[in-house]
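What follows is the content of coords_6.pdb (PDB, C-alpha atoms, pLDDT in the B column).
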```pdb
ATOM      1  CA  MET C 192     125.287 139.253  74.743  1.00 40.00           C
ATOM      2  CA  ASN C 193     129.042 139.382  75.041  1.00 36.00           C
ATOM      3  CA  ALA C 194     130.753 142.669  74.312  1.00 36.00           C
ATOM      4  CA  THR C 195     134.310 141.442  74.823  1.00 36.00           C
ATOM      5  CA  SER C 196     134.372 138.999  71.938  1.00 38.00           C
ATOM      6  CA  THR C 197     132.865 139.138  68.506  1.00 43.00           C
ATOM      7  CA  GLU C 198     133.401 135.436  68.052  1.00 57.00           C
ATOM      8  CA  THR C 199     130.982 134.312  70.721  1.00 70.00           C
ATOM      9  CA  ARG C 200     127.309 134.616  70.007  1.00 77.00           C
ATOM     10  CA  SER C 201     124.099 133.288  71.336  1.00 84.00           C
ATOM     11  CA  VAL C 202     120.652 132.282  70.237  1.00 87.00           C
ATOM     12  CA  VAL C 203     117.740 132.710  72.625  1.00 90.00           C
ATOM     13  CA  VAL C 204     114.259 131.275  72.193  1.00 91.00           C
ATOM     14  CA  GLU C 205     111.747 131.976  74.919  1.00 92.00           C
ATOM     15  CA  ARG C 206     108.097 130.997  75.136  1.00 93.00           C
ATOM     16  CA  ASP C 207     105.273 131.014  77.640  1.00 93.00           C
ATOM     17  CA  ILE C 208     103.912 127.510  77.763  1.00 93.00           C
ATOM     18  CA  PRO C 209     100.616 126.654  79.458  1.00 93.00           C
ATOM     19  CA  TYR C 210     101.971 123.689  81.416  1.00 93.00           C
ATOM     20  CA  PRO C 211     103.715 123.431  84.768  1.00 94.00           C
ATOM     21  CA  PRO C 212     107.523 123.094  84.987  1.00 95.00           C
ATOM     22  CA  GLU C 213     107.277 119.455  86.189  1.00 94.00           C
ATOM     23  CA  LYS C 214     105.677 118.376  82.958  1.00 94.00           C
ATOM     24  CA  ILE C 215     108.048 120.325  80.707  1.00 94.00           C
ATOM     25  CA  TRP C 216     110.977 118.952  82.704  1.00 95.00           C
ATOM     26  CA  ARG C 217     109.912 115.427  81.801  1.00 94.00           C
ATOM     27  CA  ALA C 218     109.821 116.333  78.097  1.00 94.00           C
ATOM     28  CA  LEU C 219     113.311 117.845  78.418  1.00 95.00           C
ATOM     29  CA  THR C 220     114.922 114.954  80.288  1.00 96.00           C
ATOM     30  CA  GLN C 221     113.297 111.627  79.352  1.00 95.00           C
ATOM     31  CA  PRO C 222     114.962 110.126  76.250  1.00 96.00           C
ATOM     32  CA  HIS C 223     111.774 108.716  74.710  1.00 94.00           C
ATOM     33  CA  LEU C 224     110.078 112.100  75.126  1.00 94.00           C
ATOM     34  CA  ILE C 225     113.106 114.124  73.953  1.00 94.00           C
ATOM     35  CA  GLN C 226     113.104 112.004  70.827  1.00 93.00           C
ATOM     36  CA  GLU C 227     109.533 113.110  70.086  1.00 92.00           C
ATOM     37  CA  TRP C 228     110.447 116.766  69.665  1.00 94.00           C
ATOM     38  CA  LEU C 229     114.223 116.983  69.280  1.00 93.00           C
ATOM     39  CA  MET C 230     116.261 113.964  68.211  1.00 92.00           C
ATOM     40  CA  LYS C 231     117.119 110.385  69.115  1.00 94.00           C
ATOM     41  CA  ASN C 232     119.414 110.414  72.122  1.00 97.00           C
ATOM     42  CA  ASP C 233     120.889 108.597  75.100  1.00 97.00           C
ATOM     43  CA  PHE C 234     120.443 111.470  77.532  1.00 98.00           C
ATOM     44  CA  LYS C 235     120.573 111.045  81.309  1.00 97.00           C
ATOM     45  CA  PRO C 236     120.039 113.943  83.718  1.00 97.00           C
ATOM     46  CA  VAL C 237     123.413 113.334  85.362  1.00 97.00           C
ATOM     47  CA  VAL C 238     126.216 115.918  85.426  1.00 97.00           C
ATOM     48  CA  GLY C 239     129.180 114.658  83.387  1.00 97.00           C
ATOM     49  CA  HIS C 240     127.091 112.198  81.373  1.00 97.00           C
ATOM     50  CA  ARG C 241     128.206 112.151  77.735  1.00 97.00           C
ATOM     51  CA  PHE C 242     125.535 111.516  75.150  1.00 97.00           C
ATOM     52  CA  ASP C 243     124.619 112.323  71.601  1.00 95.00           C
ATOM     53  CA  PHE C 244     121.688 113.462  69.569  1.00 94.00           C
ATOM     54  CA  ARG C 245     121.348 111.585  66.314  1.00 91.00           C
ATOM     55  CA  ALA C 246     119.533 112.573  63.166  1.00 84.00           C
ATOM     56  CA  ASP C 247     119.734 111.396  59.584  1.00 77.00           C
ATOM     57  CA  TRP C 248     122.048 114.342  58.798  1.00 72.00           C
ATOM     58  CA  GLY C 249     124.551 113.491  61.542  1.00 77.00           C
ATOM     59  CA  ALA C 250     125.119 113.609  65.262  1.00 87.00           C
ATOM     60  CA  VAL C 251     125.600 116.194  67.983  1.00 91.00           C
ATOM     61  CA  ASP C 252     128.048 115.332  70.789  1.00 93.00           C
ATOM     62  CA  CYS C 253     126.973 116.498  74.217  1.00 96.00           C
ATOM     63  CA  GLU C 254     127.925 116.429  77.868  1.00 97.00           C
ATOM     64  CA  VAL C 255     125.619 117.343  80.738  1.00 98.00           C
ATOM     65  CA  LEU C 256     126.961 120.395  82.585  1.00 97.00           C
ATOM     66  CA  SER C 257     124.280 121.138  85.140  1.00 97.00           C
ATOM     67  CA  VAL C 258     120.974 119.750  86.321  1.00 98.00           C
ATOM     68  CA  GLU C 259     118.630 121.477  88.717  1.00 98.00           C
ATOM     69  CA  PRO C 260     115.365 119.543  88.495  1.00 97.00           C
ATOM     70  CA  GLN C 261     112.462 121.568  87.123  1.00 97.00           C
ATOM     71  CA  LYS C 262     114.579 124.728  87.055  1.00 98.00           C
ATOM     72  CA  THR C 263     117.581 124.518  84.797  1.00 98.00           C
ATOM     73  CA  LEU C 264     119.450 122.104  82.581  1.00 98.00           C
ATOM     74  CA  SER C 265     122.520 122.665  80.471  1.00 98.00           C
ATOM     75  CA  TYR C 266     124.648 120.587  78.168  1.00 97.00           C
ATOM     76  CA  THR C 267     127.395 121.125  75.639  1.00 95.00           C
ATOM     77  CA  TRP C 268     126.424 120.932  71.978  1.00 92.00           C
ATOM     78  CA  SER C 269     129.219 120.130  69.531  1.00 87.00           C
ATOM     79  CA  ALA C 270     128.523 119.512  65.889  1.00 80.00           C
ATOM     80  CA  TYR C 271     130.574 120.161  62.773  1.00 68.00           C
ATOM     81  CA  GLY C 272     132.932 122.632  64.415  1.00 66.00           C
ATOM     82  CA  LEU C 273     130.282 124.522  66.330  1.00 75.00           C
ATOM     83  CA  GLU C 274     131.193 124.386  70.023  1.00 82.00           C
ATOM     84  CA  SER C 275     128.309 125.607  72.117  1.00 88.00           C
ATOM     85  CA  VAL C 276     126.364 125.219  75.330  1.00 93.00           C
ATOM     86  CA  VAL C 277     122.588 124.841  75.447  1.00 94.00           C
ATOM     87  CA  THR C 278     120.910 126.009  78.643  1.00 96.00           C
ATOM     88  CA  TRP C 279     117.247 125.490  79.466  1.00 96.00           C
ATOM     89  CA  THR C 280     115.615 127.619  82.134  1.00 97.00           C
ATOM     90  CA  LEU C 281     112.122 126.981  83.480  1.00 96.00           C
ATOM     91  CA  THR C 282     110.387 129.763  85.404  1.00 97.00           C
ATOM     92  CA  PRO C 283     106.908 129.166  86.850  1.00 97.00           C
ATOM     93  CA  THR C 284     104.321 131.772  85.864  1.00 96.00           C
ATOM     94  CA  SER C 285     100.656 132.289  86.799  1.00 96.00           C
ATOM     95  CA  THR C 286      99.620 130.505  83.595  1.00 95.00           C
ATOM     96  CA  GLY C 287     102.289 127.831  83.358  1.00 94.00           C
ATOM     97  CA  THR C 288     105.960 128.163  82.604  1.00 95.00           C
ATOM     98  CA  ARG C 289     108.266 130.539  80.845  1.00 95.00           C
ATOM     99  CA  LEU C 290     110.664 128.275  78.988  1.00 95.00           C
ATOM    100  CA  ARG C 291     113.926 129.784  77.839  1.00 95.00           C
ATOM    101  CA  MET C 292     116.586 128.135  75.687  1.00 94.00           C
ATOM    102  CA  GLU C 293     119.908 129.834  75.220  1.00 93.00           C
ATOM    103  CA  GLN C 294     122.580 128.426  72.962  1.00 91.00           C
ATOM    104  CA  TYR C 295     125.867 130.165  73.538  1.00 88.00           C
ATOM    105  CA  GLY C 296     128.826 129.337  71.407  1.00 83.00           C
ATOM    106  CA  PHE C 297     131.740 130.239  69.289  1.00 66.00           C
ATOM    107  CA  ARG C 298     133.230 129.374  65.986  1.00 58.00           C
ATOM    108  CA  PRO C 299     136.703 130.826  65.340  1.00 50.00           C
ATOM    109  CA  ASP C 300     136.088 132.208  61.919  1.00 47.00           C
ATOM    110  CA  GLN C 301     138.615 131.297  59.272  1.00 36.00           C
ATOM    111  CA  GLU C 302     139.816 127.994  60.588  1.00 40.00           C
ATOM    112  CA  GLN C 303     136.388 126.545  61.051  1.00 48.00           C
ATOM    113  CA  ALA C 304     134.353 128.305  58.432  1.00 46.00           C
ATOM    114  CA  TYR C 305     134.122 125.141  56.411  1.00 45.00           C
ATOM    115  CA  GLN C 306     132.956 123.042  59.349  1.00 50.00           C
ATOM    116  CA  GLY C 307     130.570 125.857  60.187  1.00 48.00           C
ATOM    117  CA  ALA C 308     129.164 125.622  56.728  1.00 46.00           C
ATOM    118  CA  GLN C 309     128.392 121.998  57.350  1.00 47.00           C
ATOM    119  CA  VAL C 310     126.091 122.980  60.192  1.00 49.00           C
ATOM    120  CA  GLY C 311     123.981 124.428  57.444  1.00 48.00           C
ATOM    121  CA  TRP C 312     124.094 121.451  55.114  1.00 46.00           C
ATOM    122  CA  PRO C 313     120.814 119.852  56.216  1.00 47.00           C
ATOM    123  CA  ARG C 314     118.999 123.120  55.757  1.00 48.00           C
ATOM    124  CA  PHE C 315     121.005 123.780  52.634  1.00 45.00           C
ATOM    125  CA  PHE C 316     119.783 120.601  51.020  1.00 46.00           C
ATOM    126  CA  ALA C 317     116.258 121.121  52.231  1.00 47.00           C
ATOM    127  CA  SER C 318     116.180 124.530  50.561  1.00 46.00           C
ATOM    128  CA  LEU C 319     117.934 123.395  47.441  1.00 44.00           C
ATOM    129  CA  GLU C 320     114.957 121.877  45.722  1.00 45.00           C
ATOM    130  CA  GLN C 321     112.896 125.006  46.296  1.00 50.00           C
ATOM    131  CA  VAL C 322     115.610 127.294  45.027  1.00 45.00           C
ATOM    132  CA  LEU C 323     116.168 125.191  41.950  1.00 48.00           C
ATOM    133  CA  ALA C 324     112.456 125.014  41.260  1.00 51.00           C
ATOM    134  CA  ARG C 325     112.318 128.793  41.448  1.00 52.00           C
ATOM    135  CA  THR C 326     115.340 129.518  39.292  1.00 44.00           C
ATOM    136  CA  GLU C 327     114.964 126.950  36.499  1.00 42.00           C
TER     137      GLU C 327
ATOM    138  CA  MET F 172     120.166 138.617  48.929  1.00 40.00           C
ATOM    139  CA  PRO F 173     118.243 135.758  47.302  1.00 49.00           C
ATOM    140  CA  ASN F 174     120.363 136.007  44.140  1.00 58.00           C
ATOM    141  CA  ALA F 175     123.614 135.451  46.025  1.00 60.00           C
ATOM    142  CA  HIS F 176     122.034 132.442  47.735  1.00 66.00           C
ATOM    143  CA  ASP F 177     120.736 131.068  44.450  1.00 74.00           C
ATOM    144  CA  ALA F 178     124.187 131.295  42.894  1.00 76.00           C
ATOM    145  CA  LEU F 179     125.789 129.457  45.812  1.00 80.00           C
ATOM    146  CA  PHE F 180     123.103 126.785  45.894  1.00 81.00           C
ATOM    147  CA  LYS F 181     123.273 126.201  42.171  1.00 84.00           C
ATOM    148  CA  THR F 182     127.052 126.133  42.163  1.00 88.00           C
ATOM    149  CA  LEU F 183     127.280 123.615  44.988  1.00 87.00           C
ATOM    150  CA  ALA F 184     124.342 121.501  43.823  1.00 86.00           C
ATOM    151  CA  ASP F 185     126.599 119.498  41.501  1.00 90.00           C
ATOM    152  CA  PRO F 186     128.211 116.675  43.529  1.00 90.00           C
ATOM    153  CA  THR F 187     131.462 116.611  41.542  1.00 92.00           C
ATOM    154  CA  ARG F 188     131.850 120.360  41.813  1.00 93.00           C
ATOM    155  CA  ARG F 189     131.029 120.231  45.507  1.00 90.00           C
ATOM    156  CA  ALA F 190     133.620 117.488  46.037  1.00 90.00           C
ATOM    157  CA  ILE F 191     136.271 119.658  44.366  1.00 93.00           C
ATOM    158  CA  PHE F 192     135.360 122.588  46.571  1.00 91.00           C
ATOM    159  CA  GLU F 193     135.327 120.460  49.730  1.00 87.00           C
ATOM    160  CA  ARG F 194     138.744 119.083  48.865  1.00 89.00           C
ATOM    161  CA  LEU F 195     140.177 122.584  48.435  1.00 90.00           C
ATOM    162  CA  CYS F 196     138.667 123.503  51.812  1.00 85.00           C
ATOM    163  CA  ARG F 197     140.211 120.471  53.500  1.00 83.00           C
ATOM    164  CA  GLU F 198     143.571 120.263  51.788  1.00 86.00           C
ATOM    165  CA  GLY F 199     144.338 123.804  50.679  1.00 88.00           C
ATOM    166  CA  GLU F 200     145.727 125.042  47.365  1.00 92.00           C
ATOM    167  CA  LYS F 201     145.874 122.596  44.468  1.00 94.00           C
ATOM    168  CA  THR F 202     146.593 122.506  40.750  1.00 94.00           C
ATOM    169  CA  VAL F 203     144.035 121.241  38.238  1.00 94.00           C
ATOM    170  CA  GLY F 204     146.216 118.170  37.769  1.00 93.00           C
ATOM    171  CA  ALA F 205     146.216 117.298  41.463  1.00 93.00           C
ATOM    172  CA  LEU F 206     142.459 117.811  41.632  1.00 94.00           C
ATOM    173  CA  THR F 207     141.867 115.673  38.547  1.00 94.00           C
ATOM    174  CA  ALA F 208     143.812 112.752  40.007  1.00 89.00           C
ATOM    175  CA  ARG F 209     140.981 112.102  42.455  1.00 82.00           C
ATOM    176  CA  ALA F 210     137.968 113.784  40.915  1.00 81.00           C
ATOM    177  CA  GLY F 211     136.854 110.847  38.800  1.00 85.00           C
ATOM    178  CA  VAL F 212     136.346 113.097  35.771  1.00 90.00           C
ATOM    179  CA  SER F 213     138.625 114.447  33.016  1.00 94.00           C
ATOM    180  CA  GLN F 214     140.905 117.441  33.450  1.00 94.00           C
ATOM    181  CA  PRO F 215     138.806 119.643  31.099  1.00 95.00           C
ATOM    182  CA  ALA F 216     135.745 118.773  33.212  1.00 95.00           C
ATOM    183  CA  VAL F 217     137.589 119.735  36.407  1.00 96.00           C
ATOM    184  CA  SER F 218     138.688 123.002  34.770  1.00 95.00           C
ATOM    185  CA  LYS F 219     135.102 123.743  33.825  1.00 95.00           C
ATOM    186  CA  HIS F 220     133.924 123.106  37.397  1.00 96.00           C
ATOM    187  CA  LEU F 221     136.695 125.358  38.709  1.00 96.00           C
ATOM    188  CA  GLY F 222     135.532 128.078  36.335  1.00 95.00           C
ATOM    189  CA  VAL F 223     131.996 127.883  37.705  1.00 94.00           C
ATOM    190  CA  LEU F 224     133.292 127.885  41.304  1.00 94.00           C
ATOM    191  CA  LYS F 225     135.439 130.897  40.485  1.00 93.00           C
ATOM    192  CA  GLN F 226     132.479 132.768  39.016  1.00 90.00           C
ATOM    193  CA  ALA F 227     130.522 132.181  42.202  1.00 87.00           C
ATOM    194  CA  GLY F 228     133.451 133.566  44.204  1.00 88.00           C
ATOM    195  CA  LEU F 229     134.026 130.206  45.893  1.00 90.00           C
ATOM    196  CA  VAL F 230     137.448 129.624  44.397  1.00 94.00           C
ATOM    197  CA  ARG F 231     140.378 131.886  43.537  1.00 94.00           C
ATOM    198  CA  ASP F 232     143.285 131.116  41.236  1.00 94.00           C
ATOM    199  CA  ARG F 233     146.839 132.387  41.195  1.00 94.00           C
ATOM    200  CA  HIS F 234     149.691 131.707  38.832  1.00 92.00           C
ATOM    201  CA  GLN F 235     152.984 130.323  39.991  1.00 90.00           C
ATOM    202  CA  GLY F 236     155.429 129.808  37.156  1.00 91.00           C
ATOM    203  CA  ARG F 237     153.590 127.746  34.576  1.00 90.00           C
ATOM    204  CA  GLN F 238     151.152 126.383  37.117  1.00 91.00           C
ATOM    205  CA  THR F 239     147.806 127.708  38.244  1.00 93.00           C
ATOM    206  CA  LEU F 240     146.915 127.072  41.871  1.00 95.00           C
ATOM    207  CA  TYR F 241     143.327 127.054  43.039  1.00 95.00           C
ATOM    208  CA  SER F 242     142.181 127.768  46.584  1.00 93.00           C
ATOM    209  CA  ALA F 243     138.810 127.853  48.361  1.00 90.00           C
ATOM    210  CA  GLN F 244     137.367 131.223  49.344  1.00 85.00           C
ATOM    211  CA  LEU F 245     135.582 130.476  52.582  1.00 76.00           C
ATOM    212  CA  GLY F 246     134.278 134.015  52.870  1.00 74.00           C
ATOM    213  CA  ALA F 247     131.965 133.348  49.943  1.00 77.00           C
ATOM    214  CA  LEU F 248     130.024 130.949  52.159  1.00 75.00           C
ATOM    215  CA  ALA F 249     129.281 133.657  54.705  1.00 67.00           C
ATOM    216  CA  PRO F 250     125.614 133.977  53.691  1.00 63.00           C
ATOM    217  CA  LEU F 251     125.149 130.293  54.490  1.00 65.00           C
ATOM    218  CA  ILE F 252     127.154 129.959  57.660  1.00 62.00           C
ATOM    219  CA  ASP F 253     125.713 132.345  60.187  1.00 67.00           C
ATOM    220  CA  TRP F 254     125.031 129.598  62.671  1.00 70.00           C
ATOM    221  CA  THR F 255     122.922 131.818  64.944  1.00 76.00           C
ATOM    222  CA  ASN F 256     120.311 132.319  62.197  1.00 74.00           C
ATOM    223  CA  GLN F 257     120.267 128.657  61.394  1.00 73.00           C
ATOM    224  CA  MET F 258     120.056 127.537  65.003  1.00 81.00           C
ATOM    225  CA  ALA F 259     117.344 130.100  65.802  1.00 84.00           C
ATOM    226  CA  GLY F 260     115.185 128.571  63.067  1.00 83.00           C
ATOM    227  CA  PHE F 261     116.053 125.096  64.274  1.00 86.00           C
ATOM    228  CA  TRP F 262     115.057 125.817  67.884  1.00 91.00           C
ATOM    229  CA  GLU F 263     111.847 127.651  66.923  1.00 90.00           C
ATOM    230  CA  SER F 264     110.648 124.566  65.091  1.00 90.00           C
ATOM    231  CA  ARG F 265     111.807 122.296  67.948  1.00 93.00           C
ATOM    232  CA  PHE F 266     109.790 124.446  70.372  1.00 94.00           C
ATOM    233  CA  ASP F 267     106.743 123.926  68.121  1.00 94.00           C
ATOM    234  CA  ASP F 268     107.239 120.173  68.288  1.00 94.00           C
ATOM    235  CA  LEU F 269     107.789 120.340  72.053  1.00 96.00           C
ATOM    236  CA  GLU F 270     104.482 122.165  72.487  1.00 95.00           C
ATOM    237  CA  ASP F 271     102.738 119.548  70.351  1.00 94.00           C
ATOM    238  CA  LEU F 272     104.232 116.815  72.493  1.00 95.00           C
ATOM    239  CA  LEU F 273     103.120 118.536  75.723  1.00 95.00           C
ATOM    240  CA  LYS F 274      99.565 118.662  74.351  1.00 94.00           C
ATOM    241  CA  ARG F 275      99.680 114.962  73.595  1.00 93.00           C
ATOM    242  CA  MET F 276     101.109 114.191  77.047  1.00 90.00           C
ATOM    243  CA  ASP F 277      98.005 115.868  78.476  1.00 69.00           C
ATOM    244  CA  GLN F 278      95.658 113.284  77.068  1.00 55.00           C
TER     245      GLN F 278
END
```
Is it possible to express this structure as structure tokens?
Amino acid sequence: MNATSTETRSVVVERDIPYPPEKIWRALTQPHLIQEWLMKNDFKPVVGHRFDFRADWGAVDCEVLSVEPQKTLSYTWSAYGLESVVTWTLTPTSTGTRLRMEQYGFRPDQEQAYQGAQVGWPRFFASLEQVLARTE
Amino acid sequence: MPNAHDALFKTLADPTRRAIFERLCREGEKTVGALTARAGVSQPAVSKHLGVLKQAGLVRDRHQGRQTLYSAQLGALAPLIDWTNQMAGFWESRFDDLEDLLKRMDQ
């Protein structure tokens, strides 16, 4: 994605979804709907609005960067030393919508490796039982 | 490398051992004595935990005069900290839940 720096990376998930952009937009921007598929939140589709996502493993601090109704939405995503930006793009197709999520971020390696590790803690603990069951 | 993962998981599964490792990460090099002062367990127990951490590559020791200083080896966590892998899995499952929600919104 970015050839000039090895410290920045991105994650892209893209799916064709059989619903129109208007409907997906609601699920991406209405707090009670966001909560159904992502996390509890106090999101508002307003540039500059600061909000957080909350889960039992911790919180993600966010700020809305851009809002273009039914087309694109982006917000910062900061958690445990991972500084990133999440951008949603909705493109109408003949069968519905192509929904793309890109998370672009960086984590300066040595200094924040420990914090970075904490990003993995929830998954770490989820896997732990399985691993232990397998190895004992 | 499931074996490398298993070793890390098993090593960090013990809360006391994990607390020692986290403290070395946060505060840098320490002697066994300094670690024992706040570990809530005896010095031999702390030494034993340090030995296990060292075996897993999570901790390194060096001698300075009569003291041994222990430090965290963050590189050993590399298999667990590739955030892109973790977040990709996270978002894939969130997309699944989003699609479920959209189906429900239809009704």
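Proximity to chain F was assessed for C:Leu290, C:Val237, C:Val258, C:Ala250 counting all atoms listed in the file; the smallest distance is recorded for C:Leu290.
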Handout entry: Within 10 Å of chain C: residues of chain F, using only C-alpha atoms, as a PyMOL selection string
Key = chain F and resi 173-174+176-178+180-181+183-184+193+196-197+243-246+248-274+276-277
The PyMOL selection byres ((chain C and resi 216) around 10) applied to the shown file, residues as a short mmCIF file (atom, residue, chain, number, x, y, z; two decimals) with C-alpha atoms, in the coordinates of the input:
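And here is the file that came out, selection_16.cif:
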```cif
data_model
loop_
_atom_site.label_atom_id
_atom_site.label_comp_id
_atom_site.auth_asym_id
_atom_site.auth_seq_id
_atom_site.Cartn_x
_atom_site.Cartn_y
_atom_site.Cartn_z
CA PRO C 211 103.72 123.43 84.77
CA PRO C 212 107.52 123.09 84.99
CA GLU C 213 107.28 119.46 86.19
CA LYS C 214 105.68 118.38 82.96
CA ILE C 215 108.05 120.32 80.71
CA ARG C 217 109.91 115.43 81.80
CA ALA C 218 109.82 116.33 78.10
CA LEU C 219 113.31 117.84 78.42
CA THR C 220 114.92 114.95 80.29
CA GLN C 221 113.30 111.63 79.35
CA PRO C 260 115.36 119.54 88.50
CA GLN C 261 112.46 121.57 87.12
CA LYS C 262 114.58 124.73 87.06
CA THR C 263 117.58 124.52 84.80
CA LEU C 264 119.45 122.10 82.58
CA TRP C 279 117.25 125.49 79.47
CA THR C 280 115.62 127.62 82.13
CA LEU C 281 112.12 126.98 83.48
#
```
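The gap separating atom CA of Arg188 of chain F from atom CA of Leu224 of chain F is 7.7 Å, in Å to one decimal.
Residues in contact with Val217 of chain F at up to 10 Å, not including ones fewer than 5 positions away on its chain and judged by only C-alpha atoms, are F:Thr187, F:Arg188, F:Ile191, F:Val203, F:Gly204, F:Leu206, F:Thr207, F:Ala210, F:Gly211, F:Val212, F:Gly222, F:Val223.
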Practice task
Could you please determine the separation between atom CA of Thr239 of chain F and atom CA of Thr182 of chain F in Å, to one decimal place?
Solution key: 21.2 Å
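In this structure, atom CA of Tyr266 of chain C sits 9.7 Å away from atom CA of Asp252 of chain C.
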Problem - Pick from C:Gly249, C:Pro222, C:Pro236, C:Gly287, whichever lies nearest to Ser269 of chain C using only C-alpha atoms - result: C:Gly249
Exercise for the section: Write out as a ChimeraX atom specification each polymer residue whose atoms come within 12 Å of Arg233 of chain F, counting only C-alpha atoms; drop sequence neighbours fewer than 6 positions from it. Expected result: /F:200-203,225,239-243
